[in-house]
Amino acid sequence: KKMKLKEIDVKEIMPGLNGRMVHGETITWAFWDIKKGAEVPMHQHVHEQIMHVQEGVFEFNLDGKTNNYGSNSVVVIPSNIPHSGIALTDCKIMDVFSPVREEYR
């Protein structure tokens, strides 16, 4: 199915965290625009996740270890591992989740 990213409706999942979601049979691909100061509280999920920071600086805590990730950083987040983050600047981030994040449909 052909589509343009800009034609996908934006969903505000949390304050300052706006995403466009593409769903396949077994994956969700999320394209985030995140405002400076927006926080993702500590959470975990069954989904394996790979995060790619395209632009900006994102402070990310994975399993108790905090690092700042800038442009072109990639982080692999295993299933059920606690993680959280805060945008230190405006950010553009891509996340891939497997299996599909049904709550993002």
# chains A, B, ... in the order shown; residues from 1 in each chain; ligands from 1
>>> select_by_dssp(residues="chain A", states="strand (DSSP E or B)", output="PyMOL selection string")
chain A and resi 11-14+17-23+28-34+39-43+48-55+58-62+65-69+73-77+83-87+91-98
>>> residues_around(residues="stretch 59-74 of chain A", least_positions_apart="3", cutoff="8 Å", atoms="only C-alpha atoms", output="list in words")
Ile50, Met51, His52, Val53, Gln54, Glu55, Gly56, Ile77, Ile81, Pro82, His83, Ser84, Gly85, Ile86, Ala87 and Leu88 of chain A
>>> closest_residue(among="A:Arg20, A:Ser79, A:Lys4, A:Val100", to="A:Ile34", atoms="only C-alpha atoms")
A:Arg20
>>> closest_residue(among="A:Met42, A:Ile8, A:Val75, A:Ile13", to="A:Val96", atoms="only C-alpha atoms")
A:Val75
>>> closest_residue(among="A:Glu7, A:Thr26, A:Gly19, A:Cys91", to="A:His47", atoms="only C-alpha atoms")
A:Thr26
>>> atom_distance(atom1="atom CA of A:Met94", atom2="atom CA of A:Trp32")
6.1 Å
>>> closest_residue(among="A:His43, A:Lys92, A:Lys2, A:Lys11", to="A:Arg105", atoms="only C-alpha atoms")
A:Lys11
>>> residues_around(residues="A:Glu48", least_positions_apart="4", cutoff="8 Å", atoms="only C-alpha atoms", output="count of residues only")
8
>>> select_by_dssp(residues="chain A", states="helix (DSSP H, G or I)", output="VMD selection string")
chain A and resid 5 to 7 102 to 104
>>> closest_residue(among="A:Val22, A:Val10, A:Val57, A:Ala30", to="A:Asp90", atoms="only C-alpha atoms")
A:Val57
>>> closest_residue(among="A:Glu103, A:Glu39, A:Thr89, A:Phe58", to="A:Leu17", atoms="only C-alpha atoms")
A:Glu39
>>> atom_distance(atom1="atom CA of A:Lys35", atom2="atom CA of A:Gln49")
20.9 Å
